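Data first, discussion second: the structure below is written as structure tokens.
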Amino acid sequence: MKEIRVGVIGLGFMGATHVSAYQAASKAGFACKLVAVSDPKAHRRAGELGDVGGNIATGGATERAFDPKIVRGYERAAALVADQEIDLVSICTRTDTHADLAATALKAGKHVLIEKPVALTIGEIERIAIAAKESGKIAMPAMCMRYWPGWSWLKDRIDDKSLGKCVSATFLRLASSPAWSRSFFLDGAKSGGALMDLHIHDADFVRWCFGRPMKVTSVGRRGPSGGIDHVTTAYEYDASGPELVTAEGGFDHHPGFAFRMRFVAVFEKATADFDLGRTPQLLLCRDGKSEAIATDLPSGYEGQVRALVSALTSGNIMHLPTLSDAAAVTQLLEAERQSVIGRRSVELH
């Protein structure tokens, strides 16, 4: 089996997370190896990633993340893209740089894993899709919640109906204002605000589980630069879908507010309750009892890396998230944005 040689562009919080995920996947026997990184900061190119910030612990922040004698460090992303010994590039830079970097890497013959959001507009996503088609390489959006322990379990129960039909589902994702890259995240024109950068996880998961809704009704709070930094959306389906689906996401809380991630899904025969800040994280409630469901699978970040590496080594790419998925969730989020601004429901066509 060919070993997939990996380069990571951008060593902020998400870049550090990708580095850790590839290393963990390699230790678990998946055919991948981190061979290069790119970042303008010299200490990060040396593997010192203790200053990257983030709202979820990913491990290794206080130790050298990689050996710079083994992993090549490039100051400029273009130099990493030009490295002919790299097969796969993780793009973990700011959102407004994704399209150019992804298109360039694809044209250089690399596969790409692109952090979410892939881009702020469907047009930019389509530009990446054209580059992917012309190169014959894979461009995968980093939809990590599809692989998150407990969340992948929920998707399986919705599909197999072993608990009956899912009749309602609520999702919650709240954080304080990002202390790292603050000027970027709070600039809605660059980051898309919490709607695009944080709430996207739940919007994609809702669409993945239940399909495209007929209508969205959203209320929200706009940030100082015009981005939507807090949103609550009700997704409306026809009679074949769930009766109630809502998702709330925002990063407008004050410093000290602990990151919260939760879902509650009601099935005909049981209720599933996930809370990231609780042990056990996933409970299944039925017949007057709460049963702990194991969530000791690899993290969602490692899960998506394992899925991509397995697809590249086997040639079976059927189950990977696609750029079409990225475009569809971008369309969904645009409908939510219009609903907030227009104070009205918006139909999806």
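Following the order of the structure tokens, first chain is A, next is B, and so on, with residues numbered from 1 inside each chain and ligands from 1 in the order they appear.
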Could you give me, as a PyMOL selection string, each residue of range 25-204 of chain A that DSSP assigns to alpha helix (DSSP H) when run on this structure's backbone? chain A and resi 25-27+42-45+77-82+98-107+122-135+151-160+182-185+188-191+193-197+200-204
Per-residue nearest contacts range 207-254 of chain A to range 162-182 of chain A, cut-off 12 Å, using only C-alpha atoms, as a Markdown table:
| residue | atom | partner | partner_atom | distance |
| --- | --- | --- | --- | --- |
| A:Cys209 | CA | A:Cys166 | CA | 10.0 |
| A:Phe210 | CA | A:Cys166 | CA | 9.5 |
| A:Gly223 | CA | A:Ser177 | CA | 10.6 |
| A:Asp229 | CA | A:Ser177 | CA | 9.0 |
| A:His230 | CA | A:Leu174 | CA | 8.5 |
| A:Val231 | CA | A:Leu174 | CA | 10.0 |
| A:Thr232 | CA | A:Leu172 | CA | 9.0 |
| A:Thr233 | CA | A:Phe171 | CA | 9.8 |
| A:Ala234 | CA | A:Thr170 | CA | 9.2 |
| A:Tyr235 | CA | A:Ala169 | CA | 10.1 |
| A:Glu236 | CA | A:Ser168 | CA | 11.0 |
| A:Tyr237 | CA | A:Val167 | CA | 10.9 |
| A:Asp238 | CA | A:Val167 | CA | 11.9 |
| A:Ala239 | CA | A:Val167 | CA | 10.3 |
| A:Ser240 | CA | A:Lys165 | CA | 9.7 |
| A:Gly241 | CA | A:Val167 | CA | 7.6 |
| A:Pro242 | CA | A:Val167 | CA | 4.4 |
| A:Glu243 | CA | A:Val167 | CA | 5.5 |
| A:Leu244 | CA | A:Ser168 | CA | 4.6 |
| A:Val245 | CA | A:Ala169 | CA | 4.9 |
| A:Thr246 | CA | A:Thr170 | CA | 4.8 |
| A:Ala247 | CA | A:Phe171 | CA | 4.5 |
| A:Glu248 | CA | A:Leu172 | CA | 5.0 |
| A:Gly249 | CA | A:Arg173 | CA | 4.7 |
| A:Gly250 | CA | A:Leu174 | CA | 5.0 |
| A:Phe251 | CA | A:Ala175 | CA | 4.5 |
| A:Asp252 | CA | A:Ser177 | CA | 5.3 |
| A:His253 | CA | A:Ser176 | CA | 4.1 |
| A:His254 | CA | A:Ser176 | CA | 5.2 |
Would you write out those residues with N, CA and C atoms, as a JSON list (two decimals), in the first residue's frame?
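Writing done, so here's result14.json:
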[["chain", "number", "residue", "atom", "x", "y", "z"],
["A", 209, "CYS", "N", -28.00, 14.41, 7.54],
["A", 209, "CYS", "CA", -28.92, 13.44, 8.17],
["A", 209, "CYS", "C", -30.31, 13.43, 7.53],
["A", 210, "PHE", "N", -30.82, 14.61, 7.20],
["A", 210, "PHE", "CA", -32.23, 14.71, 6.81],
["A", 210, "PHE", "C", -32.45, 15.21, 5.39],
["A", 223, "GLY", "N", -22.75, 40.82, 14.10],
["A", 223, "GLY", "CA", -21.56, 41.32, 14.75],
["A", 223, "GLY", "C", -21.23, 42.73, 14.29],
["A", 229, "ASP", "N", -23.08, 36.62, 14.07],
["A", 229, "ASP", "CA", -22.27, 35.99, 15.11],
["A", 229, "ASP", "C", -23.08, 35.12, 16.06],
["A", 230, "HIS", "N", -24.39, 35.08, 15.89],
["A", 230, "HIS", "CA", -25.23, 34.18, 16.69],
["A", 230, "HIS", "C", -26.52, 33.94, 15.90],
["A", 231, "VAL", "N", -26.89, 32.68, 15.74],
["A", 231, "VAL", "CA", -28.06, 32.37, 14.93],
["A", 231, "VAL", "C", -28.78, 31.17, 15.51],
["A", 232, "THR", "N", -30.09, 31.18, 15.42],
["A", 232, "THR", "CA", -30.92, 30.02, 15.72],
["A", 232, "THR", "C", -31.84, 29.79, 14.53],
["A", 233, "THR", "N", -31.83, 28.56, 14.01],
["A", 233, "THR", "CA", -32.58, 28.25, 12.80],
["A", 233, "THR", "C", -33.51, 27.08, 13.02],
["A", 234, "ALA", "N", -34.73, 27.20, 12.51],
["A", 234, "ALA", "CA", -35.66, 26.08, 12.42],
["A", 234, "ALA", "C", -35.69, 25.62, 10.97],
["A", 235, "TYR", "N", -35.48, 24.32, 10.78],
["A", 235, "TYR", "CA", -35.46, 23.72, 9.44],
["A", 235, "TYR", "C", -36.78, 22.97, 9.24],
["A", 236, "GLU", "N", -37.48, 23.29, 8.17],
["A", 236, "GLU", "CA", -38.80, 22.71, 7.93],
["A", 236, "GLU", "C", -38.71, 21.64, 6.84],
["A", 237, "TYR", "N", -39.26, 20.45, 7.13],
["A", 237, "TYR", "CA", -39.28, 19.33, 6.20],
["A", 237, "TYR", "C", -40.72, 18.93, 5.89],
["A", 238, "ASP", "N", -40.90, 18.13, 4.85],
["A", 238, "ASP", "CA", -42.24, 17.62, 4.55],
["A", 238, "ASP", "C", -42.57, 16.47, 5.50],
["A", 239, "ALA", "N", -43.69, 15.83, 5.30],
["A", 239, "ALA", "CA", -44.19, 14.83, 6.25],
["A", 239, "ALA", "C", -43.27, 13.63, 6.38],
["A", 240, "SER", "N", -42.43, 13.39, 5.39],
["A", 240, "SER", "CA", -41.52, 12.25, 5.46],
["A", 240, "SER", "C", -40.31, 12.51, 6.35],
["A", 241, "GLY", "N", -40.08, 13.77, 6.70],
["A", 241, "GLY", "CA", -38.94, 14.13, 7.53],
["A", 241, "GLY", "C", -39.33, 14.33, 8.98],
["A", 242, "PRO", "N", -38.39, 14.78, 9.80],
["A", 242, "PRO", "CA", -38.69, 15.04, 11.21],
["A", 242, "PRO", "C", -39.62, 16.23, 11.36],
["A", 243, "GLU", "N", -40.36, 16.24, 12.45],
["A", 243, "GLU", "CA", -41.33, 17.31, 12.68],
["A", 243, "GLU", "C", -40.67, 18.59, 13.18],
["A", 244, "LEU", "N", -39.52, 18.45, 13.83],
["A", 244, "LEU", "CA", -38.85, 19.63, 14.41],
["A", 244, "LEU", "C", -37.34, 19.42, 14.33],
["A", 245, "VAL", "N", -36.65, 20.35, 13.68],
["A", 245, "VAL", "CA", -35.19, 20.37, 13.66],
["A", 245, "VAL", "C", -34.73, 21.81, 13.87],
["A", 246, "THR", "N", -33.91, 22.05, 14.88],
["A", 246, "THR", "CA", -33.38, 23.38, 15.14],
["A", 246, "THR", "C", -31.89, 23.28, 15.42],
["A", 247, "ALA", "N", -31.19, 24.39, 15.16],
["A", 247, "ALA", "CA", -29.77, 24.47, 15.49],
["A", 247, "ALA", "C", -29.44, 25.89, 15.90],
["A", 248, "GLU", "N", -28.69, 26.02, 16.98],
["A", 248, "GLU", "CA", -28.24, 27.32, 17.46],
["A", 248, "GLU", "C", -26.71, 27.33, 17.48],
["A", 249, "GLY", "N", -26.12, 28.40, 16.97],
["A", 249, "GLY", "CA", -24.67, 28.53, 17.00],
["A", 249, "GLY", "C", -24.25, 29.97, 17.14],
["A", 250, "GLY", "N", -23.19, 30.20, 17.91],
["A", 250, "GLY", "CA", -22.70, 31.56, 18.05],
["A", 250, "GLY", "C", -21.40, 31.63, 18.81],
["A", 251, "PHE", "N", -20.59, 32.66, 18.48],
["A", 251, "PHE", "CA", -19.37, 32.87, 19.27],
["A", 251, "PHE", "C", -19.33, 34.31, 19.81],
["A", 252, "ASP", "N", -20.49, 34.75, 20.32],
["A", 252, "ASP", "CA", -20.58, 36.11, 20.85],
["A", 252, "ASP", "C", -20.58, 36.15, 22.37],
["A", 253, "HIS", "N", -20.26, 35.04, 23.03],
["A", 253, "HIS", "CA", -20.23, 35.03, 24.49],
["A", 253, "HIS", "C", -18.93, 35.65, 25.01],
["A", 254, "HIS", "N", -18.95, 36.08, 26.26],
["A", 254, "HIS", "CA", -17.80, 36.76, 26.84],
["A", 254, "HIS", "C", -16.72, 35.75, 27.23]]
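Here CA of Ile91 in chain A and CA of Gly220 in chain A stand 29.6 Å from one another.
Note that the spacing between CA of Ala21 in chain A and CA of Glu302 in chain A amounts to 4.5 Å.
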Extract the full set of strand (DSSP E or B) residues from range 106-311 of chain A according to DSSP on the backbone, and format it as a PyMOL selection string. chain A and resi 111-114+139-141+162+164+166-176+215-222+228-236+244-253+260-267+271-275+282-286+289-292
Taking C-alpha atoms for each residue, export the selection above as a PDB file, in the first residue's frame.
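Contents of the output file result_9.pdb:
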ATOM      1  CA  HIS A 111      -5.058  15.963  -3.415  1.00  0.00           C
ATOM      2  CA  VAL A 112      -6.452  18.529  -0.956  1.00  0.00           C
ATOM      3  CA  LEU A 113      -8.304  18.479   2.356  1.00  0.00           C
ATOM      4  CA  ILE A 114      -9.815  21.938   2.806  1.00  0.00           C
ATOM      5  CA  ALA A 139     -10.757  17.845  -3.054  1.00  0.00           C
ATOM      6  CA  MET A 140     -12.447  16.992   0.247  1.00  0.00           C
ATOM      7  CA  PRO A 141     -14.163  19.512   2.542  1.00  0.00           C
ATOM      8  CA  SER A 162     -33.376   0.833  14.971  1.00  0.00           C
ATOM      9  CA  GLY A 164     -37.770   4.171  15.149  1.00  0.00           C
ATOM     10  CA  CYS A 166     -36.281  10.458  14.319  1.00  0.00           C
ATOM     11  CA  VAL A 167     -39.112  12.898  15.034  1.00  0.00           C
ATOM     12  CA  SER A 168     -37.114  15.850  16.333  1.00  0.00           C
ATOM     13  CA  ALA A 169     -33.509  16.982  16.714  1.00  0.00           C
ATOM     14  CA  THR A 170     -31.919  20.047  18.300  1.00  0.00           C
ATOM     15  CA  PHE A 171     -28.280  21.090  18.001  1.00  0.00           C
ATOM     16  CA  LEU A 172     -26.298  23.591  20.078  1.00  0.00           C
ATOM     17  CA  ARG A 173     -22.797  25.011  19.440  1.00  0.00           C
ATOM     18  CA  LEU A 174     -21.789  28.071  21.483  1.00  0.00           C
ATOM     19  CA  ALA A 175     -18.453  29.694  22.274  1.00  0.00           C
ATOM     20  CA  SER A 176     -16.872  32.885  23.467  1.00  0.00           C
ATOM     21  CA  LYS A 215     -37.683  26.180   4.302  1.00  0.00           C
ATOM     22  CA  VAL A 216     -35.574  27.848   6.985  1.00  0.00           C
ATOM     23  CA  THR A 217     -36.623  30.384   9.575  1.00  0.00           C
ATOM     24  CA  SER A 218     -33.703  32.040  11.349  1.00  0.00           C
ATOM     25  CA  VAL A 219     -33.190  34.720  13.949  1.00  0.00           C
ATOM     26  CA  GLY A 220     -29.794  36.065  14.809  1.00  0.00           C
ATOM     27  CA  ARG A 221     -27.448  38.724  16.042  1.00  0.00           C
ATOM     28  CA  ARG A 222     -25.135  40.588  13.711  1.00  0.00           C
ATOM     29  CA  ILE A 228     -23.879  36.987  11.823  1.00  0.00           C
ATOM     30  CA  ASP A 229     -22.271  35.988  15.109  1.00  0.00           C
ATOM     31  CA  HIS A 230     -25.234  34.178  16.692  1.00  0.00           C
ATOM     32  CA  VAL A 231     -28.057  32.368  14.928  1.00  0.00           C
ATOM     33  CA  THR A 232     -30.920  30.018  15.719  1.00  0.00           C
ATOM     34  CA  THR A 233     -32.581  28.252  12.798  1.00  0.00           C
ATOM     35  CA  ALA A 234     -35.655  26.077  12.423  1.00  0.00           C
ATOM     36  CA  TYR A 235     -35.463  23.720   9.442  1.00  0.00           C
ATOM     37  CA  GLU A 236     -38.797  22.708   7.933  1.00  0.00           C
ATOM     38  CA  LEU A 244     -38.850  19.626  14.406  1.00  0.00           C
ATOM     39  CA  VAL A 245     -35.185  20.373  13.660  1.00  0.00           C
ATOM     40  CA  THR A 246     -33.383  23.379  15.135  1.00  0.00           C
ATOM     41  CA  ALA A 247     -29.770  24.466  15.492  1.00  0.00           C
ATOM     42  CA  GLU A 248     -28.237  27.324  17.456  1.00  0.00           C
ATOM     43  CA  GLY A 249     -24.669  28.525  16.997  1.00  0.00           C
ATOM     44  CA  GLY A 250     -22.695  31.565  18.051  1.00  0.00           C
ATOM     45  CA  PHE A 251     -19.369  32.869  19.275  1.00  0.00           C
ATOM     46  CA  ASP A 252     -20.575  36.110  20.852  1.00  0.00           C
ATOM     47  CA  HIS A 253     -20.228  35.027  24.491  1.00  0.00           C
ATOM     48  CA  ARG A 260     -20.574  23.944  24.411  1.00  0.00           C
ATOM     49  CA  MET A 261     -21.555  21.347  21.844  1.00  0.00           C
ATOM     50  CA  ARG A 262     -24.721  19.298  22.240  1.00  0.00           C
ATOM     51  CA  PHE A 263     -27.516  17.498  20.448  1.00  0.00           C
ATOM     52  CA  VAL A 264     -30.811  16.014  21.641  1.00  0.00           C
ATOM     53  CA  ALA A 265     -32.550  13.706  19.160  1.00  0.00           C
ATOM     54  CA  VAL A 266     -35.979  12.242  19.872  1.00  0.00           C
ATOM     55  CA  PHE A 267     -36.816   8.936  18.190  1.00  0.00           C
ATOM     56  CA  THR A 271     -34.056   9.966  23.177  1.00  0.00           C
ATOM     57  CA  ALA A 272     -30.358  10.409  22.395  1.00  0.00           C
ATOM     58  CA  ASP A 273     -28.572  13.129  24.389  1.00  0.00           C
ATOM     59  CA  PHE A 274     -24.975  14.214  23.631  1.00  0.00           C
ATOM     60  CA  ASP A 275     -23.089  16.814  25.675  1.00  0.00           C
ATOM     61  CA  LEU A 282     -23.712  10.274  24.989  1.00  0.00           C
ATOM     62  CA  LEU A 283     -26.777   8.933  26.777  1.00  0.00           C
ATOM     63  CA  LEU A 284     -29.633   6.890  25.346  1.00  0.00           C
ATOM     64  CA  CYS A 285     -32.799   7.389  27.367  1.00  0.00           C
ATOM     65  CA  ARG A 286     -35.638   4.824  27.167  1.00  0.00           C
ATOM     66  CA  LYS A 289     -33.418   4.500  32.186  1.00  0.00           C
ATOM     67  CA  SER A 290     -30.352   6.301  30.789  1.00  0.00           C
ATOM     68  CA  GLU A 291     -27.749   4.120  29.115  1.00  0.00           C
ATOM     69  CA  ALA A 292     -24.223   5.378  28.415  1.00  0.00           C
TER      70      ALA A 292
END
Any idea what's packed within 10 Å of range 320-326 of chain A, counting only C-alpha atoms, ignoring anything in its chain fewer than 3 positions away? Could you give it as a VMD selection string? chain A and resid 114 116 to 119 121 to 122 125 to 126 128 to 129 132 138 to 144 146 200 204 207 to 208 304 307 to 308 311 316 to 317 329 to 332
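If you look at CA of Ala16 in chain A and CA of Ser299 in chain A, they are 14.0 Å away from each other.
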